[in-house]
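J.: This structure is in structure tokens; I'll ask about it shortly.
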Amino acid sequence: MSESTINIQNLTKRFEDKTALDNLSLQVFKGELFGLLGPNGAGKTTAINILCGLIKPTSGTAKIYGYDVQRDTQKVKELIGVCTQETAIYPYLTGAENLELFGNLNGMSKKALKERSKMLLGRMGLAEDAKRVASKYSGGMKRRLSLALALIHDPQVVFLDEPTVAMDPQSRHAVWDFIKDQKIRGKTVILTTHYMEEAEELCDRVGIIDHGKLIALGTPKDLIAKAQVKNLEELFIKLTGRTIRGDA
Amino acid sequence: MKLQRVSALVKKELKKTVREPAVLFMIFLFPIIFVFAFGASLGGVGGSQTVTYQIGVVNLDHANSVNASQTLVTSLSDTKIINIHVYASNQTAQSDLSQGTVQAVMVIPADFSQSLAAYQAAPNDPSQWTNATVTLYLDKGSLVATQAVPPIIQQALVSMTEQSQQVMQSPLQIQTASLVEVKSTSALDFIAPGMFTFASIFLIMMVAQSFTQDRENGMMKRIRVSPTTATEFMASQVASYMGIELIQAALVFAMTYALGFRPSVGVTTYAFAFVLVLMFSLSNVGFGLITATIAKSAGAATGLSFLFVLPQLFLGTFVGASLSSGAQVAGKFVPSYYVTNALTSLFLRGAAITSPAILTDLALVSASCVAILAVGIVLYAKYYKI
């Protein structure tokens, strides 16, 4: 894991009077499953939005596979897959049609799209419902389809913004297995989550950010040992406090 | 620009139109129901049946020899689109007019026959004529009657003096009549051109809702993180809505045709009319994008879209025919006015597609619609990114 896939240098983002990201520097390596943790409004989604080219940083740079996310946006978009916080699917399309649409938007060939779509529907437990319109899906099914849409084109770098929210334990474990598979296949995964056991279970390294600053970085094991706490959740509370935060 | 992406997005939009009940209703079912309701009540179903107007006649002319007023009444009856109700007094006739029993009351003056006789004795010497004025009271609640009845009576009067319509001098006058030929034209014919425009205007609401919904549910963000470019996305949207417009216009045409709308024009004119409506759809996409820029939610977009829907509807479709002269001037600032005007000229007035009036309308529609679309795209892209 020596090759740097994501390279963030002194990234700062200000929204009027609020600093969402404050001089963030970070490297994520190829094949790494990296957990970006933090309380609500800490700056996790802002960081991901900058890396996806959705918003511009106030200062600093971010590169994916050497491509600047601001200058080489088109190239970056071909490399990434993003599962947003929202369950973003077209409700009037079937599961298969949703996948077909985003496969086409990512320029996939008909054959590759068909094979990948079949595999994803199977892995996400949606094969039997592939021809039903997505509006008829349960909440968990919609979340799984949303994740499948992010992965349809087999991206090199995957951003998963709270992918298991509102999933039952079975769905969550199925998604965990799939995320682990991405890592095995050499893909780089950036995961944001509020479930600390999920981060502990999946992530090679985690970075905890609060008020836009990176306040901890390392493997879950090392961070837990260093802070002399029982688990990642205890560490998280110790570092970020018990005050309830508003959303970003 | 990658065609694969554009066609995938177009396909998605068309599926949405067919599968979303609200969109399906607004774009296809509503115009069809509307055209059917209006057409059936004004034109008739299944043929070229014309409207019959109920006209009250108060004949004050009691000439002993040649009774010209009777000739006038007979000639009006012969048009088969007028049913004559004879009243002994103007008071009774006005009572029926106020209750809607008749749509107009014509008062023939006492000197009517005398006036015509004086004219016939010296047709080329106006100084010998005795002028007579036929007074016409119209039902102001009936749009079609106010538009159609005066020209019919004017025509009957003109035919009595055996003059062509170009000869302006005549001893027989009615008030506020125009010289537009309207004989055997049904009310449906008057409103059909405006119906095409009317139906298309509701694209504004659909576009505004679609963009705000996709923004709210995160789909716009999802598309933005894909390699789809802004040009590919906007091209797909414009192509989709033009396609939807084409289908909508065909459905409206089929419905008006079924109800008896049969303009005697060739295939080229029909094709030209469709091109006009397609051009018009660009402005509706533009207004939809402007609405989506202002609106924070899909619900707000529905309400705000009426800022653009209503002026276009009231100033530029068949509704505009009954507006004040001031409002009709204001209509010249909305694209729908020029579309309706051009369609009316093509279908009703028999204008050629190469005539200056039609080409002027086409140029104004094209320029304004492309400009409105450009403004919509620039505004939306500025505030929300594509």
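Letters A, B, ... mark the chains of the structure tokens in the order given; residue numbers begin at 1 per chain; ligand numbers begin at 1, in order shown.
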Run DSSP on the backbone and give me the residues of range 19-84 of chain A it puts in strand (DSSP E), as a PyMOL selection string.
T.: chain A and resi 19-29+33-37+59-64+67-68+80-83
J.: Counting only C-alpha atoms, which residues from chain A have an atom at most 12 Å from any atom of chain B, and could you show them as a PDB file with N, CA and C atoms, in the first residue's frame?
T.:
```
ATOM      1  N   ILE A  48     -15.459  15.115   0.912  1.00  0.00           N
ATOM      2  CA  ILE A  48     -15.819  14.209  -0.194  1.00  0.00           C
ATOM      3  C   ILE A  48     -16.331  15.005  -1.390  1.00  0.00           C
ATOM      4  N   ASN A  49     -17.142  16.031  -1.120  1.00  0.00           N
ATOM      5  CA  ASN A  49     -17.658  16.848  -2.231  1.00  0.00           C
ATOM      6  C   ASN A  49     -16.538  17.535  -3.004  1.00  0.00           C
ATOM      7  N   ILE A  50     -15.492  17.948  -2.299  1.00  0.00           N
ATOM      8  CA  ILE A  50     -14.345  18.564  -2.993  1.00  0.00           C
ATOM      9  C   ILE A  50     -13.617  17.504  -3.818  1.00  0.00           C
ATOM     10  N   LEU A  51     -13.426  16.335  -3.242  1.00  0.00           N
ATOM     11  CA  LEU A  51     -12.715  15.267  -3.959  1.00  0.00           C
ATOM     12  C   LEU A  51     -13.478  14.800  -5.206  1.00  0.00           C
ATOM     13  N   CYS A  52     -14.796  14.919  -5.160  1.00  0.00           N
ATOM     14  CA  CYS A  52     -15.619  14.514  -6.325  1.00  0.00           C
ATOM     15  C   CYS A  52     -15.755  15.635  -7.346  1.00  0.00           C
ATOM     16  N   GLY A  53     -15.220  16.804  -7.038  1.00  0.00           N
ATOM     17  CA  GLY A  53     -15.327  17.926  -7.974  1.00  0.00           C
ATOM     18  C   GLY A  53     -16.660  18.650  -7.896  1.00  0.00           C
ATOM     19  N   LEU A  54     -17.424  18.393  -6.831  1.00  0.00           N
ATOM     20  CA  LEU A  54     -18.738  19.047  -6.716  1.00  0.00           C
ATOM     21  C   LEU A  54     -18.621  20.479  -6.213  1.00  0.00           C
ATOM     22  N   ILE A  55     -17.675  20.714  -5.317  1.00  0.00           N
ATOM     23  CA  ILE A  55     -17.455  22.092  -4.836  1.00  0.00           C
ATOM     24  C   ILE A  55     -15.965  22.419  -4.910  1.00  0.00           C
ATOM     25  N   LYS A  56     -15.684  23.717  -4.972  1.00  0.00           N
ATOM     26  CA  LYS A  56     -14.287  24.150  -5.077  1.00  0.00           C
ATOM     27  C   LYS A  56     -13.743  24.475  -3.693  1.00  0.00           C
ATOM     28  N   VAL A  69      -8.371  17.517  -8.799  1.00  0.00           N
ATOM     29  CA  VAL A  69      -9.837  17.417  -8.841  1.00  0.00           C
ATOM     30  C   VAL A  69     -10.507  18.676  -9.397  1.00  0.00           C
ATOM     31  N   ASP A  72      -8.602  18.673 -13.572  1.00  0.00           N
ATOM     32  CA  ASP A  72      -8.832  17.482 -14.408  1.00  0.00           C
ATOM     33  C   ASP A  72     -10.122  16.781 -13.992  1.00  0.00           C
ATOM     34  N   THR A  73     -11.175  17.576 -13.819  1.00  0.00           N
ATOM     35  CA  THR A  73     -12.442  17.051 -13.277  1.00  0.00           C
ATOM     36  C   THR A  73     -12.980  15.872 -14.085  1.00  0.00           C
ATOM     37  N   GLN A  74     -12.938  15.987 -15.396  1.00  0.00           N
ATOM     38  CA  GLN A  74     -13.510  14.941 -16.236  1.00  0.00           C
ATOM     39  C   GLN A  74     -12.770  13.612 -16.025  1.00  0.00           C
ATOM     40  N   LYS A  75     -11.466  13.681 -15.963  1.00  0.00           N
ATOM     41  CA  LYS A  75     -10.651  12.477 -15.772  1.00  0.00           C
ATOM     42  C   LYS A  75     -10.927  11.869 -14.393  1.00  0.00           C
ATOM     43  N   VAL A  76     -11.036  12.754 -13.403  1.00  0.00           N
ATOM     44  CA  VAL A  76     -11.304  12.291 -12.039  1.00  0.00           C
ATOM     45  C   VAL A  76     -12.657  11.573 -11.976  1.00  0.00           C
ATOM     46  N   LYS A  77     -13.648  12.142 -12.671  1.00  0.00           N
ATOM     47  CA  LYS A  77     -14.985  11.546 -12.641  1.00  0.00           C
ATOM     48  C   LYS A  77     -15.028  10.157 -13.281  1.00  0.00           C
ATOM     49  N   GLU A  78     -14.109   9.931 -14.181  1.00  0.00           N
ATOM     50  CA  GLU A  78     -14.049   8.591 -14.797  1.00  0.00           C
ATOM     51  C   GLU A  78     -13.453   7.566 -13.833  1.00  0.00           C
ATOM     52  N   LEU A  79     -12.718   8.053 -12.826  1.00  0.00           N
ATOM     53  CA  LEU A  79     -12.039   7.142 -11.903  1.00  0.00           C
ATOM     54  C   LEU A  79     -12.849   6.839 -10.645  1.00  0.00           C
ATOM     55  N   ILE A  80     -13.804   7.730 -10.351  1.00  0.00           N
ATOM     56  CA  ILE A  80     -14.481   7.608  -9.051  1.00  0.00           C
ATOM     57  C   ILE A  80     -15.915   7.077  -9.153  1.00  0.00           C
ATOM     58  N   GLY A  81     -16.373   6.527  -8.033  1.00  0.00           N
ATOM     59  CA  GLY A  81     -17.778   6.153  -7.871  1.00  0.00           C
ATOM     60  C   GLY A  81     -18.212   6.731  -6.538  1.00  0.00           C
ATOM     61  N   VAL A  82     -19.401   7.300  -6.488  1.00  0.00           N
ATOM     62  CA  VAL A  82     -19.828   7.981  -5.265  1.00  0.00           C
ATOM     63  C   VAL A  82     -21.200   7.494  -4.819  1.00  0.00           C
ATOM     64  N   CYS A  83     -21.266   7.021  -3.589  1.00  0.00           N
ATOM     65  CA  CYS A  83     -22.572   6.701  -2.998  1.00  0.00           C
ATOM     66  C   CYS A  83     -22.868   7.821  -2.015  1.00  0.00           C
ATOM     67  N   THR A  84     -23.826   8.680  -2.381  1.00  0.00           N
ATOM     68  CA  THR A  84     -24.104   9.861  -1.569  1.00  0.00           C
ATOM     69  C   THR A  84     -24.922   9.507  -0.324  1.00  0.00           C
ATOM     70  N   GLN A  85     -24.979  10.465   0.598  1.00  0.00           N
ATOM     71  CA  GLN A  85     -25.770  10.274   1.824  1.00  0.00           C
ATOM     72  C   GLN A  85     -27.238  10.021   1.493  1.00  0.00           C
ATOM     73  N   GLU A  86     -27.732  10.766   0.492  1.00  0.00           N
ATOM     74  CA  GLU A  86     -29.133  10.605   0.098  1.00  0.00           C
ATOM     75  C   GLU A  86     -29.285   9.274  -0.646  1.00  0.00           C
ATOM     76  N   THR A  87     -30.475   8.679  -0.538  1.00  0.00           N
ATOM     77  CA  THR A  87     -30.737   7.477  -1.335  1.00  0.00           C
ATOM     78  C   THR A  87     -31.108   7.952  -2.722  1.00  0.00           C
ATOM     79  N   ALA A  88     -30.096   8.157  -3.529  1.00  0.00           N
ATOM     80  CA  ALA A  88     -30.328   8.774  -4.839  1.00  0.00           C
ATOM     81  C   ALA A  88     -30.547   7.723  -5.925  1.00  0.00           C
ATOM     82  N   ILE A  89     -31.810   7.477  -6.207  1.00  0.00           N
ATOM     83  CA  ILE A  89     -32.189   6.555  -7.286  1.00  0.00           C
ATOM     84  C   ILE A  89     -33.391   7.171  -8.007  1.00  0.00           C
ATOM     85  N   TYR A  90     -33.614   6.770  -9.245  1.00  0.00           N
ATOM     86  CA  TYR A  90     -34.816   7.229  -9.942  1.00  0.00           C
ATOM     87  C   TYR A  90     -35.962   6.282  -9.592  1.00  0.00           C
ATOM     88  N   PRO A  91     -36.965   6.768  -8.857  1.00  0.00           N
ATOM     89  CA  PRO A  91     -38.023   5.866  -8.379  1.00  0.00           C
ATOM     90  C   PRO A  91     -38.883   5.270  -9.481  1.00  0.00           C
ATOM     91  N   TYR A  92     -38.941   5.958 -10.633  1.00  0.00           N
ATOM     92  CA  TYR A  92     -39.811   5.468 -11.712  1.00  0.00           C
ATOM     93  C   TYR A  92     -39.091   4.509 -12.653  1.00  0.00           C
ATOM     94  N   LEU A  93     -37.804   4.270 -12.407  1.00  0.00           N
ATOM     95  CA  LEU A  93     -37.079   3.267 -13.193  1.00  0.00           C
ATOM     96  C   LEU A  93     -36.963   1.998 -12.366  1.00  0.00           C
ATOM     97  N   THR A  94     -36.829   0.861 -13.035  1.00  0.00           N
ATOM     98  CA  THR A  94     -36.604  -0.384 -12.294  1.00  0.00           C
ATOM     99  C   THR A  94     -35.169  -0.385 -11.781  1.00  0.00           C
ATOM    100  N   GLU A  97     -32.948  -0.823 -14.711  1.00  0.00           N
ATOM    101  CA  GLU A  97     -32.891   0.387 -15.555  1.00  0.00           C
ATOM    102  C   GLU A  97     -32.037   1.479 -14.920  1.00  0.00           C
ATOM    103  N   ASN A  98     -32.106   1.599 -13.586  1.00  0.00           N
ATOM    104  CA  ASN A  98     -31.247   2.560 -12.898  1.00  0.00           C
ATOM    105  C   ASN A  98     -29.780   2.242 -13.168  1.00  0.00           C
ATOM    106  N   LEU A  99     -29.441   0.942 -13.045  1.00  0.00           N
ATOM    107  CA  LEU A  99     -28.049   0.530 -13.282  1.00  0.00           C
ATOM    108  C   LEU A  99     -27.646   0.759 -14.746  1.00  0.00           C
ATOM    109  N   GLU A 100     -28.571   0.437 -15.642  1.00  0.00           N
ATOM    110  CA  GLU A 100     -28.288   0.617 -17.082  1.00  0.00           C
ATOM    111  C   GLU A 100     -28.002   2.097 -17.389  1.00  0.00           C
ATOM    112  N   LEU A 101     -28.825   2.976 -16.795  1.00  0.00           N
ATOM    113  CA  LEU A 101     -28.642   4.408 -17.038  1.00  0.00           C
ATOM    114  C   LEU A 101     -27.250   4.865 -16.604  1.00  0.00           C
ATOM    115  N   PHE A 102     -26.879   4.512 -15.362  1.00  0.00           N
ATOM    116  CA  PHE A 102     -25.586   5.010 -14.869  1.00  0.00           C
ATOM    117  C   PHE A 102     -24.403   4.287 -15.505  1.00  0.00           C
ATOM    118  N   GLY A 103     -24.627   3.061 -15.962  1.00  0.00           N
ATOM    119  CA  GLY A 103     -23.591   2.391 -16.754  1.00  0.00           C
ATOM    120  C   GLY A 103     -23.342   3.146 -18.044  1.00  0.00           C
ATOM    121  N   ASN A 104     -24.425   3.553 -18.691  1.00  0.00           N
ATOM    122  CA  ASN A 104     -24.301   4.318 -19.945  1.00  0.00           C
ATOM    123  C   ASN A 104     -23.674   5.692 -19.705  1.00  0.00           C
ATOM    124  N   LEU A 105     -24.049   6.328 -18.599  1.00  0.00           N
ATOM    125  CA  LEU A 105     -23.454   7.637 -18.301  1.00  0.00           C
ATOM    126  C   LEU A 105     -21.943   7.509 -18.058  1.00  0.00           C
ATOM    127  N   ASN A 106     -21.535   6.311 -17.621  1.00  0.00           N
ATOM    128  CA  ASN A 106     -20.104   6.085 -17.414  1.00  0.00           C
ATOM    129  C   ASN A 106     -19.440   5.454 -18.632  1.00  0.00           C
ATOM    130  N   GLY A 107     -20.184   5.413 -19.738  1.00  0.00           N
ATOM    131  CA  GLY A 107     -19.600   4.975 -21.007  1.00  0.00           C
ATOM    132  C   GLY A 107     -19.299   3.493 -21.107  1.00  0.00           C
ATOM    133  N   MET A 108     -20.010   2.656 -20.346  1.00  0.00           N
ATOM    134  CA  MET A 108     -19.734   1.198 -20.390  1.00  0.00           C
ATOM    135  C   MET A 108     -20.259   0.582 -21.678  1.00  0.00           C
ATOM    136  N   SER A 109     -19.612  -0.507 -22.098  1.00  0.00           N
ATOM    137  CA  SER A 109     -20.112  -1.236 -23.260  1.00  0.00           C
ATOM    138  C   SER A 109     -21.354  -2.019 -22.833  1.00  0.00           C
ATOM    139  N   LYS A 110     -22.166  -2.382 -23.805  1.00  0.00           N
ATOM    140  CA  LYS A 110     -23.423  -3.082 -23.526  1.00  0.00           C
ATOM    141  C   LYS A 110     -23.165  -4.398 -22.781  1.00  0.00           C
ATOM    142  N   VAL A 133     -40.180  -1.388 -10.381  1.00  0.00           N
ATOM    143  CA  VAL A 133     -39.760   0.011 -10.272  1.00  0.00           C
ATOM    144  C   VAL A 133     -39.257   0.272  -8.845  1.00  0.00           C
ATOM    145  N   ALA A 134     -38.232   1.088  -8.746  1.00  0.00           N
ATOM    146  CA  ALA A 134     -37.542   1.297  -7.469  1.00  0.00           C
ATOM    147  C   ALA A 134     -38.435   1.926  -6.404  1.00  0.00           C
ATOM    148  N   SER A 135     -39.496   2.616  -6.830  1.00  0.00           N
ATOM    149  CA  SER A 135     -40.394   3.227  -5.834  1.00  0.00           C
ATOM    150  C   SER A 135     -41.079   2.173  -4.978  1.00  0.00           C
ATOM    151  N   SER A 146     -28.741   2.148  -4.384  1.00  0.00           N
ATOM    152  CA  SER A 146     -27.967   3.388  -4.453  1.00  0.00           C
ATOM    153  C   SER A 146     -26.467   3.081  -4.428  1.00  0.00           C
ATOM    154  N   LEU A 147     -26.092   2.109  -3.589  1.00  0.00           N
ATOM    155  CA  LEU A 147     -24.677   1.703  -3.519  1.00  0.00           C
ATOM    156  C   LEU A 147     -24.244   1.044  -4.838  1.00  0.00           C
ATOM    157  N   LEU A 149     -25.358   1.611  -7.760  1.00  0.00           N
ATOM    158  CA  LEU A 149     -25.212   2.638  -8.802  1.00  0.00           C
ATOM    159  C   LEU A 149     -23.824   3.281  -8.757  1.00  0.00           C
ATOM    160  N   ALA A 150     -23.299   3.424  -7.524  1.00  0.00           N
ATOM    161  CA  ALA A 150     -21.968   4.036  -7.376  1.00  0.00           C
ATOM    162  C   ALA A 150     -20.877   3.113  -7.907  1.00  0.00           C
ATOM    163  N   LEU A 151     -21.191   1.815  -7.951  1.00  0.00           N
ATOM    164  CA  LEU A 151     -20.154   0.836  -8.297  1.00  0.00           C
ATOM    165  C   LEU A 151     -20.333   0.209  -9.669  1.00  0.00           C
ATOM    166  N   ILE A 152     -21.345   0.625 -10.410  1.00  0.00           N
ATOM    167  CA  ILE A 152     -21.696  -0.042 -11.666  1.00  0.00           C
ATOM    168  C   ILE A 152     -20.520  -0.067 -12.651  1.00  0.00           C
ATOM    169  N   HIS A 153     -19.733   0.999 -12.675  1.00  0.00           N
ATOM    170  CA  HIS A 153     -18.647   1.069 -13.659  1.00  0.00           C
ATOM    171  C   HIS A 153     -17.316   0.602 -13.105  1.00  0.00           C
ATOM    172  N   PRO A 155     -15.395   1.452 -10.415  1.00  0.00           N
ATOM    173  CA  PRO A 155     -14.438   2.577 -10.308  1.00  0.00           C
ATOM    174  C   PRO A 155     -13.180   2.210  -9.513  1.00  0.00           C
ATOM    175  N   VAL A 158     -13.637   4.603  -4.627  1.00  0.00           N
ATOM    176  CA  VAL A 158     -15.063   4.636  -4.258  1.00  0.00           C
ATOM    177  C   VAL A 158     -15.248   5.494  -3.005  1.00  0.00           C
ATOM    178  N   PHE A 159     -16.186   6.437  -3.108  1.00  0.00           N
ATOM    179  CA  PHE A 159     -16.539   7.253  -1.942  1.00  0.00           C
ATOM    180  C   PHE A 159     -17.898   6.777  -1.426  1.00  0.00           C
TER     181      PHE A 159
END
```
J.: Applying 8 Å and only C-alpha atoms, which residues near Leu214 in chain A remain after dropping the ones on its own chain fewer than 6 positions away? List them as a ChimeraX atom specification.
T.: /A:24-25,207-208
J.: Would you write out those residues with C-alpha atoms, as an mmCIF file, in the first residue's frame?
T.:
```cif
data_model
loop_
_atom_site.group_PDB
_atom_site.id
_atom_site.type_symbol
_atom_site.label_atom_id
_atom_site.label_comp_id
_atom_site.auth_asym_id
_atom_site.auth_seq_id
_atom_site.Cartn_x
_atom_site.Cartn_y
_atom_site.Cartn_z
ATOM 1 C CA LEU A 24 -6.605 19.335 5.888
ATOM 2 C CA SER A 25 -3.699 17.244 4.597
ATOM 3 C CA GLY A 207 -9.011 9.769 10.173
ATOM 4 C CA ILE A 208 -11.128 11.633 12.707
#
```
J.: As an exercise, work out the distance from CA of Leu33 in chain A to CA of Lys114 in chain A in Å and give it to one decimal place.
T.: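 The value is 27.3 Å.
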J.: Tell me, in Å to one decimal, how far CA of Ser355 in chain B is from CA of Ser325 in chain B.
T.: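 Atom-to-atom, CA of Ser355 in chain B and CA of Ser325 in chain B are spaced 25.5 Å apart.
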J.: Tell me which protein, DNA and RNA residues are within 6 Å of Tyr337 in chain B, counting only C-alpha atoms, leaving out same-chain ones fewer than 4 positions away, and put them as a PyMOL selection string.
T.: chain B and resi 316+331+341
J.: Excluding range 58-68 of chain A and residues on its chain fewer than 6 positions from it, collect all residues at most 7 Å away from it, counting only C-alpha atoms, and give them as a ChimeraX atom specification.
T.: /A:5-14,51,76
J.: Write out the residues from the selection above, keeping C-alpha atoms, as a PDB file, in the first residue's frame.
T.:
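Wrote result-v7.pdb, looks like this:
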```pdb
ATOM      1  CA  THR A   5      -4.170   7.297  -4.725  1.00  0.00           C
ATOM      2  CA  ILE A   6      -5.570  10.363  -3.003  1.00  0.00           C
ATOM      3  CA  ASN A   7      -3.343  13.215  -2.038  1.00  0.00           C
ATOM      4  CA  ILE A   8      -4.866  16.113  -0.105  1.00  0.00           C
ATOM      5  CA  GLN A   9      -2.647  19.098   0.694  1.00  0.00           C
ATOM      6  CA  ASN A  10      -3.690  21.974   2.989  1.00  0.00           C
ATOM      7  CA  LEU A  11      -7.297  21.829   1.934  1.00  0.00           C
ATOM      8  CA  THR A  12      -9.472  24.614   3.318  1.00  0.00           C
ATOM      9  CA  LYS A  13     -13.104  25.355   2.598  1.00  0.00           C
ATOM     10  CA  ARG A  14     -15.000  28.311   4.013  1.00  0.00           C
ATOM     11  CA  LEU A  51     -12.715  15.267  -3.959  1.00  0.00           C
ATOM     12  CA  VAL A  76     -11.304  12.291 -12.039  1.00  0.00           C
TER      13      VAL A  76
END
```
J.: Would you mind reading off the distance between CA of Ile55 in chain B and CA of Leu72 in chain B, one decimal, in Å?
T.: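 The value is 12.8 Å.
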J.: Which residues are near Ile372 in chain B? Cut-off 10 Å, only C-alpha atoms, ignore same chain within fewer than 5 positions. Put them as a PyMOL selection string.
T.: chain B and resi 282-290+335+366-367+377-378
J.: Could the residues in this selection be written to a file with N, CA and C atoms, as a PDB file, in the first residue's frame?
T.:
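Contents of the output file out-v1.pdb:
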```pdb
ATOM      1  N   LEU B 282     -38.853  25.269 -26.612  1.00  0.00           N
ATOM      2  CA  LEU B 282     -37.554  25.709 -26.087  1.00  0.00           C
ATOM      3  C   LEU B 282     -37.740  26.795 -25.025  1.00  0.00           C
ATOM      4  N   SER B 283     -38.668  27.711 -25.297  1.00  0.00           N
ATOM      5  CA  SER B 283     -38.881  28.777 -24.310  1.00  0.00           C
ATOM      6  C   SER B 283     -39.479  28.197 -23.035  1.00  0.00           C
ATOM      7  N   ASN B 284     -40.308  27.172 -23.185  1.00  0.00           N
ATOM      8  CA  ASN B 284     -40.902  26.565 -21.991  1.00  0.00           C
ATOM      9  C   ASN B 284     -39.849  25.858 -21.147  1.00  0.00           C
ATOM     10  N   VAL B 285     -38.878  25.213 -21.813  1.00  0.00           N
ATOM     11  CA  VAL B 285     -37.765  24.615 -21.068  1.00  0.00           C
ATOM     12  C   VAL B 285     -36.987  25.738 -20.364  1.00  0.00           C
ATOM     13  N   GLY B 286     -36.769  26.836 -21.077  1.00  0.00           N
ATOM     14  CA  GLY B 286     -36.047  27.971 -20.488  1.00  0.00           C
ATOM     15  C   GLY B 286     -36.764  28.535 -19.278  1.00  0.00           C
ATOM     16  N   PHE B 287     -38.071  28.778 -19.408  1.00  0.00           N
ATOM     17  CA  PHE B 287     -38.844  29.295 -18.267  1.00  0.00           C
ATOM     18  C   PHE B 287     -38.851  28.275 -17.114  1.00  0.00           C
ATOM     19  N   GLY B 288     -38.902  26.990 -17.470  1.00  0.00           N
ATOM     20  CA  GLY B 288     -38.845  25.932 -16.448  1.00  0.00           C
ATOM     21  C   GLY B 288     -37.541  25.978 -15.680  1.00  0.00           C
ATOM     22  N   LEU B 289     -36.447  26.209 -16.392  1.00  0.00           N
ATOM     23  CA  LEU B 289     -35.134  26.284 -15.732  1.00  0.00           C
ATOM     24  C   LEU B 289     -35.034  27.526 -14.848  1.00  0.00           C
ATOM     25  N   ILE B 290     -35.602  28.624 -15.322  1.00  0.00           N
ATOM     26  CA  ILE B 290     -35.586  29.854 -14.504  1.00  0.00           C
ATOM     27  C   ILE B 290     -36.388  29.597 -13.222  1.00  0.00           C
ATOM     28  N   PRO B 335     -43.863  34.855 -26.012  1.00  0.00           N
ATOM     29  CA  PRO B 335     -43.697  34.057 -27.235  1.00  0.00           C
ATOM     30  C   PRO B 335     -44.975  33.350 -27.692  1.00  0.00           C
ATOM     31  N   SER B 366     -38.517  32.027 -32.812  1.00  0.00           N
ATOM     32  CA  SER B 366     -37.207  31.375 -32.739  1.00  0.00           C
ATOM     33  C   SER B 366     -36.239  32.191 -31.890  1.00  0.00           C
ATOM     34  N   ALA B 367     -36.159  33.476 -32.176  1.00  0.00           N
ATOM     35  CA  ALA B 367     -35.194  34.315 -31.454  1.00  0.00           C
ATOM     36  C   ALA B 367     -35.530  34.381 -29.968  1.00  0.00           C
ATOM     37  N   ILE B 377     -30.610  28.310 -18.980  1.00  0.00           N
ATOM     38  CA  ILE B 377     -29.433  27.448 -18.776  1.00  0.00           C
ATOM     39  C   ILE B 377     -28.353  28.192 -17.977  1.00  0.00           C
ATOM     40  N   VAL B 378     -28.100  29.436 -18.365  1.00  0.00           N
ATOM     41  CA  VAL B 378     -27.047  30.210 -17.688  1.00  0.00           C
ATOM     42  C   VAL B 378     -27.402  30.424 -16.209  1.00  0.00           C
TER      43      VAL B 378
END
```
J.: Extract the full set of helix (DSSP H, G or I) residues from range 55-85 of chain B according to DSSP on the backbone, and format it as an NGL selection string.
T.: :B and (68-78)
J.: Write a file of the selected residues as a short mmCIF file (atom, residue, chain, number, x, y, z; two decimals), in the first residue's frame, keeping N, CA and C atoms.
T.:
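The result, written out as again-v3.cif:
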```cif
data_model
loop_
_atom_site.label_atom_id
_atom_site.label_comp_id
_atom_site.auth_asym_id
_atom_site.auth_seq_id
_atom_site.Cartn_x
_atom_site.Cartn_y
_atom_site.Cartn_z
N ALA B 68 -87.34 45.49 -46.67
CA ALA B 68 -85.93 45.07 -46.69
C ALA B 68 -85.53 44.36 -45.41
N SER B 69 -86.13 44.76 -44.28
CA SER B 69 -85.76 44.15 -43.00
C SER B 69 -86.06 42.66 -43.01
N GLN B 70 -87.20 42.30 -43.66
CA GLN B 70 -87.56 40.88 -43.73
C GLN B 70 -86.51 40.11 -44.55
N THR B 71 -86.01 40.78 -45.61
CA THR B 71 -84.97 40.16 -46.43
C THR B 71 -83.71 39.92 -45.61
N LEU B 72 -83.38 40.90 -44.76
CA LEU B 72 -82.19 40.76 -43.90
C LEU B 72 -82.35 39.58 -42.95
N VAL B 73 -83.51 39.49 -42.33
CA VAL B 73 -83.77 38.40 -41.37
C VAL B 73 -83.70 37.05 -42.08
N THR B 74 -84.29 36.99 -43.29
CA THR B 74 -84.27 35.73 -44.05
C THR B 74 -82.84 35.34 -44.43
N SER B 75 -82.07 36.33 -44.85
CA SER B 75 -80.69 36.00 -45.25
C SER B 75 -79.87 35.51 -44.07
N LEU B 76 -80.15 36.05 -42.88
CA LEU B 76 -79.44 35.57 -41.69
C LEU B 76 -79.86 34.14 -41.34
N SER B 77 -81.15 33.86 -41.47
CA SER B 77 -81.64 32.50 -41.20
C SER B 77 -81.02 31.51 -42.16
N ASP B 78 -80.83 31.95 -43.41
CA ASP B 78 -80.29 31.06 -44.43
C ASP B 78 -78.84 30.65 -44.17
#
```
J.: Please identify all polymer residues within 9 Å of range 117-124 of chain B, counting only C-alpha atoms, omitting same-chain residues fewer than 2 positions from it, and present them as JSON, numbers by chain.
T.: {"B": [66, 68, 112, 113, 114, 115, 126, 127, 128, 129, 130, 131, 161, 170, 171]}
